[in-house]
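S.K.: Quick one: the structure is below, and I'll ask about it shortly.
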Amino acid sequence: HGPPPVGRMAALTATASQVKLRHRSRVETLAGLNRRGRGRSGVIRCSAGFIESYELALEASPLLVKSTTSLVGFLVADLVAQGLSSSRREDKDGRGIDLTRSGRNALFGFALYGPCSSWWYGLLDQYVLPEDPTSALAVAAKVAADQVAWAPVLVTTLFAWDLAWNGDNVVGGGLQKKLGADLLDTLKVNWSFWPVFHVLNFRFVPPGDRILYINAVQVLYNVFLCYKASERSDEDEKAERSG
(Lines give C-alpha, C1' and ligand atoms only; values in the text may rest on other atoms or scores of the structure.)
Protein backbone atom coordinates (compact mmCIF):
# COMPACT_ATOMS: atom_id res chain seq x y z
CA HIS A 1 0.00 0.00 0.00
CA GLY A 2 1.20 3.56 -0.23
CA PRO A 3 -0.04 7.06 0.18
CA PRO A 4 -2.92 8.10 -2.05
CA PRO A 5 -2.02 9.78 -5.34
CA VAL A 6 -2.60 13.26 -3.94
CA GLY A 7 -0.36 12.54 -0.96
CA ARG A 8 2.31 11.06 -3.18
CA MET A 9 2.25 14.07 -5.47
CA ALA A 10 2.50 16.37 -2.46
CA ALA A 11 5.49 14.41 -1.17
CA LEU A 12 7.23 14.57 -4.55
CA THR A 13 6.52 18.29 -4.80
CA ALA A 14 7.98 18.85 -1.33
CA THR A 15 11.06 16.84 -2.24
CA ALA A 16 11.56 18.79 -5.46
CA SER A 17 11.17 22.05 -3.54
CA GLN A 18 13.83 20.98 -1.04
CA VAL A 19 16.23 20.12 -3.85
CA LYS A 20 15.59 23.47 -5.52
CA LEU A 21 16.27 25.29 -2.26
CA ARG A 22 19.58 23.44 -1.85
CA HIS A 23 20.38 24.16 -5.49
CA ARG A 24 19.61 27.88 -5.08
CA SER A 25 21.78 28.04 -1.97
CA ARG A 26 24.71 26.44 -3.83
CA VAL A 27 24.32 28.80 -6.77
CA GLU A 28 24.26 31.84 -4.47
CA THR A 29 27.35 30.60 -2.63
CA LEU A 30 29.25 29.95 -5.84
CA ALA A 31 28.14 33.27 -7.30
CA GLY A 32 29.38 35.09 -4.22
CA LEU A 33 32.80 33.47 -4.57
CA ASN A 34 33.07 33.88 -8.34
CA ARG A 35 32.04 37.25 -9.76
CA ARG A 36 34.67 37.53 -12.45
CA GLY A 37 33.45 37.32 -16.02
CA ARG A 38 30.48 35.83 -17.79
CA GLY A 39 32.28 32.62 -18.75
CA ARG A 40 32.82 31.66 -15.16
CA SER A 41 29.18 32.40 -14.31
CA GLY A 42 28.18 30.06 -17.14
CA VAL A 43 30.28 27.31 -15.60
CA ILE A 44 28.61 27.95 -12.24
CA ARG A 45 25.13 27.71 -13.75
CA CYS A 46 26.06 24.54 -15.63
CA SER A 47 27.52 22.91 -12.50
CA ALA A 48 24.58 23.91 -10.37
CA GLY A 49 22.16 22.64 -12.99
CA PHE A 50 23.92 19.29 -13.05
CA ILE A 51 23.78 19.06 -9.26
CA GLU A 52 20.07 19.86 -9.26
CA SER A 53 19.32 17.28 -11.96
CA TYR A 54 21.47 14.65 -10.25
CA GLU A 55 19.81 15.15 -6.87
CA LEU A 56 16.31 15.02 -8.36
CA ALA A 57 17.19 11.75 -10.12
CA LEU A 58 18.77 10.47 -6.91
CA GLU A 59 15.57 11.15 -4.98
CA ALA A 60 13.51 9.32 -7.60
CA SER A 61 15.74 6.25 -8.15
CA PRO A 62 18.65 6.21 -5.68
CA LEU A 63 20.01 2.74 -6.42
CA LEU A 64 19.79 3.08 -10.20
CA VAL A 65 21.46 6.50 -10.15
CA LYS A 66 24.28 5.31 -7.86
CA SER A 67 24.85 2.22 -10.00
CA THR A 68 24.88 4.28 -13.20
CA THR A 69 27.25 6.76 -11.57
CA SER A 70 29.59 3.87 -10.75
CA LEU A 71 29.33 2.54 -14.30
CA VAL A 72 30.46 5.90 -15.71
CA GLY A 73 33.06 6.36 -12.97
CA PHE A 74 34.69 2.97 -13.49
CA LEU A 75 34.61 3.41 -17.27
CA VAL A 76 36.28 6.82 -17.20
CA ALA A 77 38.79 5.73 -14.54
CA ASP A 78 39.84 2.69 -16.57
CA LEU A 79 40.16 4.69 -19.78
CA VAL A 80 42.33 7.25 -17.97
CA ALA A 81 44.48 4.47 -16.50
CA GLN A 82 44.96 2.81 -19.89
CA GLY A 83 45.75 6.11 -21.56
CA LEU A 84 48.37 6.99 -18.96
CA SER A 85 49.87 3.51 -19.05
CA SER A 86 50.14 3.64 -22.84
CA SER A 87 51.73 7.09 -22.81
CA ARG A 88 54.50 6.01 -20.42
CA ARG A 89 55.13 2.59 -22.01
CA GLU A 90 58.65 2.51 -23.39
CA ASP A 91 58.37 -0.46 -25.72
CA LYS A 92 55.73 1.25 -27.89
CA ASP A 93 54.15 -2.05 -28.80
CA GLY A 94 51.26 -0.32 -30.49
CA ARG A 95 48.52 -1.61 -28.23
CA GLY A 96 45.55 0.74 -28.07
CA ILE A 97 42.75 1.08 -25.56
CA ASP A 98 41.25 -2.27 -24.51
CA LEU A 99 37.54 -1.48 -24.74
CA THR A 100 36.63 -4.96 -23.53
CA ARG A 101 38.51 -4.35 -20.28
CA SER A 102 36.90 -0.94 -19.91
CA GLY A 103 33.45 -2.41 -20.47
CA ARG A 104 34.16 -5.17 -17.96
CA ASN A 105 35.15 -2.64 -15.32
CA ALA A 106 32.16 -0.45 -16.10
CA LEU A 107 29.86 -3.45 -15.66
CA PHE A 108 31.54 -4.20 -12.32
CA GLY A 109 30.78 -0.65 -11.23
CA PHE A 110 27.15 -0.93 -12.25
CA ALA A 111 26.33 -4.45 -11.08
CA LEU A 112 28.43 -4.76 -7.93
CA TYR A 113 30.21 -1.62 -6.76
CA GLY A 114 27.26 0.77 -7.00
CA PRO A 115 24.72 -1.36 -5.08
CA CYS A 116 27.20 -2.80 -2.56
CA SER A 117 28.90 0.51 -1.79
CA SER A 118 25.54 2.19 -1.39
CA TRP A 119 24.62 -0.46 1.18
CA TRP A 120 27.99 -0.21 2.93
CA TYR A 121 28.04 3.57 3.32
CA GLY A 122 24.41 3.53 4.39
CA LEU A 123 25.38 1.01 7.06
CA LEU A 124 28.19 3.24 8.33
CA ASP A 125 25.92 6.29 8.44
CA GLN A 126 23.21 4.33 10.24
CA TYR A 127 25.30 2.65 12.95
CA VAL A 128 28.51 4.67 13.49
CA LEU A 129 27.64 7.53 15.84
CA PRO A 130 24.49 8.56 13.94
CA GLU A 131 23.73 11.21 16.56
CA ASP A 132 26.89 13.12 15.57
CA PRO A 133 27.88 11.73 12.14
CA THR A 134 30.43 14.39 11.17
CA SER A 135 32.32 14.57 14.47
CA ALA A 136 36.02 13.78 14.49
CA LEU A 137 35.39 10.48 16.28
CA ALA A 138 32.66 9.41 13.83
CA VAL A 139 34.77 10.32 10.80
CA ALA A 140 37.82 8.47 12.18
CA ALA A 141 35.74 5.37 12.98
CA LYS A 142 34.16 5.33 9.51
CA VAL A 143 37.50 5.74 7.75
CA ALA A 144 39.03 2.95 9.86
CA ALA A 145 36.09 0.61 9.22
CA ASP A 146 36.17 1.39 5.50
CA GLN A 147 39.88 0.68 5.13
CA VAL A 148 40.08 -2.36 7.42
CA ALA A 149 36.78 -4.09 6.57
CA TRP A 150 35.52 -2.82 3.23
CA ALA A 151 38.73 -2.31 1.24
CA PRO A 152 39.84 -5.98 1.43
CA VAL A 153 36.35 -7.17 0.46
CA LEU A 154 36.22 -4.77 -2.48
CA VAL A 155 39.69 -5.68 -3.76
CA THR A 156 38.95 -9.40 -3.42
CA THR A 157 35.68 -9.01 -5.31
CA LEU A 158 37.42 -7.08 -8.08
CA PHE A 159 40.12 -9.75 -8.36
CA ALA A 160 37.47 -12.50 -8.57
CA TRP A 161 35.52 -10.54 -11.18
CA ASP A 162 38.62 -10.06 -13.32
CA LEU A 163 39.65 -13.72 -13.04
CA ALA A 164 36.16 -14.93 -13.94
CA TRP A 165 36.02 -12.74 -17.05
CA ASN A 166 39.45 -13.98 -18.13
CA GLY A 167 38.28 -17.58 -17.85
CA ASP A 168 40.49 -18.46 -14.88
CA ASN A 169 39.44 -20.90 -12.19
CA VAL A 170 38.27 -18.63 -9.38
CA VAL A 171 37.11 -21.30 -6.90
CA GLY A 172 39.78 -23.89 -7.65
CA GLY A 173 42.74 -21.91 -6.37
CA GLY A 174 43.03 -19.08 -8.87
CA LEU A 175 41.64 -16.46 -6.50
CA GLN A 176 43.67 -17.73 -3.57
CA LYS A 177 46.86 -17.49 -5.64
CA LYS A 178 45.97 -13.99 -6.80
CA LEU A 179 45.24 -12.84 -3.26
CA GLY A 180 48.52 -14.28 -1.99
CA ALA A 181 50.46 -12.49 -4.70
CA ASP A 182 48.73 -9.10 -4.90
CA LEU A 183 46.25 -8.40 -2.07
CA LEU A 184 48.64 -6.90 0.46
CA ASP A 185 50.50 -4.77 -2.08
CA THR A 186 47.20 -3.49 -3.46
CA LEU A 187 45.93 -2.64 0.02
CA LYS A 188 49.16 -0.81 0.87
CA VAL A 189 48.70 1.43 -2.16
CA ASN A 190 45.01 1.84 -1.26
CA TRP A 191 45.89 2.83 2.32
CA SER A 192 48.43 5.40 1.11
CA PHE A 193 45.77 7.23 -0.92
CA TRP A 194 42.16 6.81 0.22
CA PRO A 195 42.09 7.69 3.95
CA VAL A 196 42.56 11.43 3.42
CA PHE A 197 39.83 11.50 0.77
CA HIS A 198 37.49 9.53 3.01
CA VAL A 199 38.05 12.03 5.81
CA LEU A 200 36.67 14.66 3.42
CA ASN A 201 33.96 12.22 2.32
CA PHE A 202 32.58 11.46 5.77
CA ARG A 203 33.06 15.00 7.05
CA PHE A 204 31.64 17.11 4.22
CA VAL A 205 29.90 15.01 1.52
CA PRO A 206 26.13 14.44 1.93
CA PRO A 207 25.32 10.70 2.22
CA GLY A 208 23.41 10.62 -1.06
CA ASP A 209 26.36 12.09 -2.96
CA ARG A 210 29.06 9.75 -1.61
CA ILE A 211 29.08 7.43 -4.65
CA LEU A 212 29.41 10.40 -7.02
CA TYR A 213 32.29 11.79 -4.97
CA ILE A 214 34.10 8.44 -4.72
CA ASN A 215 33.82 7.77 -8.44
CA ALA A 216 35.25 11.21 -9.19
CA VAL A 217 38.18 10.54 -6.84
CA GLN A 218 38.62 7.10 -8.46
CA VAL A 219 39.85 8.81 -11.63
CA LEU A 220 42.50 10.64 -9.58
CA TYR A 221 43.34 7.35 -7.84
CA ASN A 222 44.11 5.72 -11.19
CA VAL A 223 46.44 8.59 -12.02
CA PHE A 224 48.11 7.91 -8.67
CA LEU A 225 48.40 4.19 -9.46
CA CYS A 226 50.07 4.93 -12.79
CA TYR A 227 52.48 7.29 -11.04
CA LYS A 228 53.36 4.59 -8.50
CA ALA A 229 53.80 2.06 -11.30
CA SER A 230 56.12 4.47 -13.09
CA GLU A 231 58.13 4.89 -9.88
CA ARG A 232 58.48 1.12 -9.56
CA SER A 233 59.61 0.84 -13.19
CA ASP A 234 62.29 3.46 -12.62
CA GLU A 235 63.48 1.67 -9.49
CA ASP A 236 63.64 -1.67 -11.32
CA GLU A 237 65.58 -0.08 -14.16
CA LYS A 238 68.10 1.42 -11.73
CA ALA A 239 68.47 -1.93 -9.97
CA GLU A 240 69.16 -3.66 -13.28
CA ARG A 241 71.80 -1.08 -14.21
CA SER A 242 73.50 -1.29 -10.82
CA GLY A 243 73.41 -5.09 -10.98
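Chains: A, B, ... in order of the C-alpha coordinates. Residues: from 1 per chain. Ligands: from 1, in order shown.
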Set out as a Markdown table a contact list for range 76-152 of chain A and range 202-220 of chain A with a cut-off of 6 Å, giving each residue of range 76-152 of chain A that qualifies its closest atom pair and distance in Å to one decimal, counting only C-alpha atoms, ordered by chain and rising residue number.
M.R.:
```
| residue | atom | partner | partner_atom | distance |
| --- | --- | --- | --- | --- |
| A:Ala77 | CA | A:Val219 | CA | 4.4 |
| A:Thr134 | CA | A:Arg203 | CA | 4.9 |
| A:Val139 | CA | A:Phe202 | CA | 5.6 |
```
S.K.: Could you name the residues that touch range 103-118 of chain A at 8 Å or less, counting only C-alpha atoms, but leaving out those on the same chain fewer than 2 positions away, as a PyMOL selection string?
M.R.: chain A and resi 63+66-75+78+99-101+120-122+158+161+165+211
S.K.: How would the residues just picked look written out with N, CA, C and O atoms as a tab-separated table (two decimals), in the first residue's frame?
M.R.:
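Result saved to selection12.tsv:
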```tsv
chain	number	residue	atom	x	y	z
A	63	LEU	N	19.12	3.85	-6.10
A	63	LEU	CA	20.01	2.74	-6.42
A	63	LEU	C	20.42	2.76	-7.89
A	63	LEU	O	21.60	2.55	-8.22
A	66	LYS	N	22.97	5.63	-8.42
A	66	LYS	CA	24.28	5.31	-7.86
A	66	LYS	C	25.00	4.24	-8.69
A	66	LYS	O	26.21	4.31	-8.91
A	67	SER	N	24.25	3.25	-9.17
A	67	SER	CA	24.85	2.22	-10.00
A	67	SER	C	25.32	2.79	-11.34
A	67	SER	O	26.40	2.45	-11.83
A	68	THR	N	24.50	3.66	-11.93
A	68	THR	CA	24.88	4.28	-13.20
A	68	THR	C	26.08	5.21	-13.01
A	68	THR	O	26.98	5.27	-13.86
A	69	THR	N	26.10	5.92	-11.89
A	69	THR	CA	27.25	6.76	-11.57
A	69	THR	C	28.52	5.93	-11.49
A	69	THR	O	29.58	6.31	-12.00
A	70	SER	N	28.43	4.75	-10.86
A	70	SER	CA	29.59	3.87	-10.75
A	70	SER	C	29.99	3.30	-12.10
A	70	SER	O	31.18	3.12	-12.38
A	71	LEU	N	29.02	3.00	-12.94
A	71	LEU	CA	29.33	2.54	-14.30
A	71	LEU	C	30.17	3.58	-15.03
A	71	LEU	O	31.23	3.27	-15.59
A	72	VAL	N	29.72	4.83	-15.02
A	72	VAL	CA	30.46	5.90	-15.71
A	72	VAL	C	31.81	6.13	-15.04
A	72	VAL	O	32.84	6.29	-15.71
A	73	GLY	N	31.82	6.12	-13.70
A	73	GLY	CA	33.06	6.36	-12.97
A	73	GLY	C	34.12	5.32	-13.26
A	73	GLY	O	35.28	5.65	-13.52
A	74	PHE	N	33.73	4.03	-13.22
A	74	PHE	CA	34.69	2.97	-13.49
A	74	PHE	C	35.14	2.99	-14.95
A	74	PHE	O	36.30	2.69	-15.24
A	75	LEU	N	34.24	3.32	-15.86
A	75	LEU	CA	34.61	3.41	-17.27
A	75	LEU	C	35.64	4.50	-17.51
A	75	LEU	O	36.69	4.27	-18.13
A	78	ASP	N	39.05	3.69	-15.85
A	78	ASP	CA	39.84	2.69	-16.57
A	78	ASP	C	40.42	3.26	-17.86
A	78	ASP	O	41.56	2.98	-18.21
A	99	LEU	N	38.93	-1.83	-25.05
A	99	LEU	CA	37.54	-1.48	-24.74
A	99	LEU	C	36.81	-2.61	-24.00
A	99	LEU	O	35.89	-2.35	-23.22
A	100	THR	N	37.24	-3.84	-24.24
A	100	THR	CA	36.63	-4.96	-23.53
A	100	THR	C	36.92	-4.85	-22.04
A	100	THR	O	36.04	-5.05	-21.20
A	101	ARG	N	38.15	-4.53	-21.69
A	101	ARG	CA	38.51	-4.35	-20.28
A	101	ARG	C	37.74	-3.20	-19.67
A	101	ARG	O	37.23	-3.28	-18.55
A	120	TRP	N	26.94	-0.32	1.93
A	120	TRP	CA	27.99	-0.21	2.93
A	120	TRP	C	28.02	1.18	3.58
A	120	TRP	O	28.06	1.31	4.81
A	121	TYR	N	27.98	2.23	2.76
A	121	TYR	CA	28.04	3.57	3.32
A	121	TYR	C	26.77	3.92	4.07
A	121	TYR	O	26.80	4.67	5.06
A	122	GLY	N	25.64	3.37	3.62
A	122	GLY	CA	24.41	3.53	4.39
A	122	GLY	C	24.52	2.88	5.75
A	122	GLY	O	24.02	3.41	6.76
A	158	LEU	N	36.91	-7.54	-6.78
A	158	LEU	CA	37.42	-7.08	-8.08
A	158	LEU	C	38.38	-8.10	-8.69
A	158	LEU	O	38.32	-8.37	-9.90
A	161	TRP	N	36.22	-10.98	-9.97
A	161	TRP	CA	35.52	-10.54	-11.18
A	161	TRP	C	36.44	-10.60	-12.39
A	161	TRP	O	36.08	-11.12	-13.46
A	165	TRP	N	36.16	-13.22	-15.68
A	165	TRP	CA	36.02	-12.74	-17.05
A	165	TRP	C	37.16	-13.23	-17.94
A	165	TRP	O	37.00	-13.36	-19.15
A	211	ILE	N	28.66	8.25	-3.50
A	211	ILE	CA	29.08	7.43	-4.65
A	211	ILE	C	29.60	8.32	-5.78
A	211	ILE	O	30.59	7.99	-6.45
```
S.K.: Give me, please, the distance in Å between CA of Phe50 in chain A and CA of Pro62 in chain A, quoted to one decimal.
M.R.: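 Here the two named atoms are 15.9 Å from each other.
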S.K.: If you take only C-alpha atoms and a cut-off of 10 Å, which residues of range 154-198 of chain A touch range 140-146 of chain A, and what are their nearest atom pairs and distances in Å to one decimal, in chain and number order, as a Markdown table?
M.R.:
```
| residue | atom | partner | partner_atom | distance |
| --- | --- | --- | --- | --- |
| A:Trp194 | CA | A:Val143 | CA | 8.9 |
| A:Pro195 | CA | A:Val143 | CA | 6.3 |
| A:Val196 | CA | A:Val143 | CA | 8.8 |
| A:Phe197 | CA | A:Val143 | CA | 9.3 |
| A:His198 | CA | A:Val143 | CA | 6.1 |
```
S.K.: May I have the residues within 9 Å of Ile97 in chain A as a list in words, using only C-alpha atoms and disregarding those fewer than 3 positions away in the same chain?
M.R.: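 So the residues in contact are Leu79, Gln82, Gly83, Ser86, Thr100, Arg101 and Ser102 of chain A.
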S.K.: If you measure from CA of Asn190 in chain A to CA of Ala151 in chain A, what distance in Å do you get, rounded to one decimal?
M.R.: 7.9 Å
S.K.: Find the spatial neighbours of Gln176 in chain A, counting only C-alpha atoms, within a cut-off of 10 Å - ignore same-chain residues fewer than 6 positions away - and output them as a ChimeraX atom specification.
M.R.: /A:156,159-160,170,183
S.K.: So that I can check the surroundings of Val80 in chain A, please list as a PyMOL selection string every protein, DNA and RNA residue that reaches within 8 Å of it, counting only C-alpha atoms and ignoring chain neighbours fewer than 4 positions away.
M.R.: chain A and resi 76+84+219+222-223
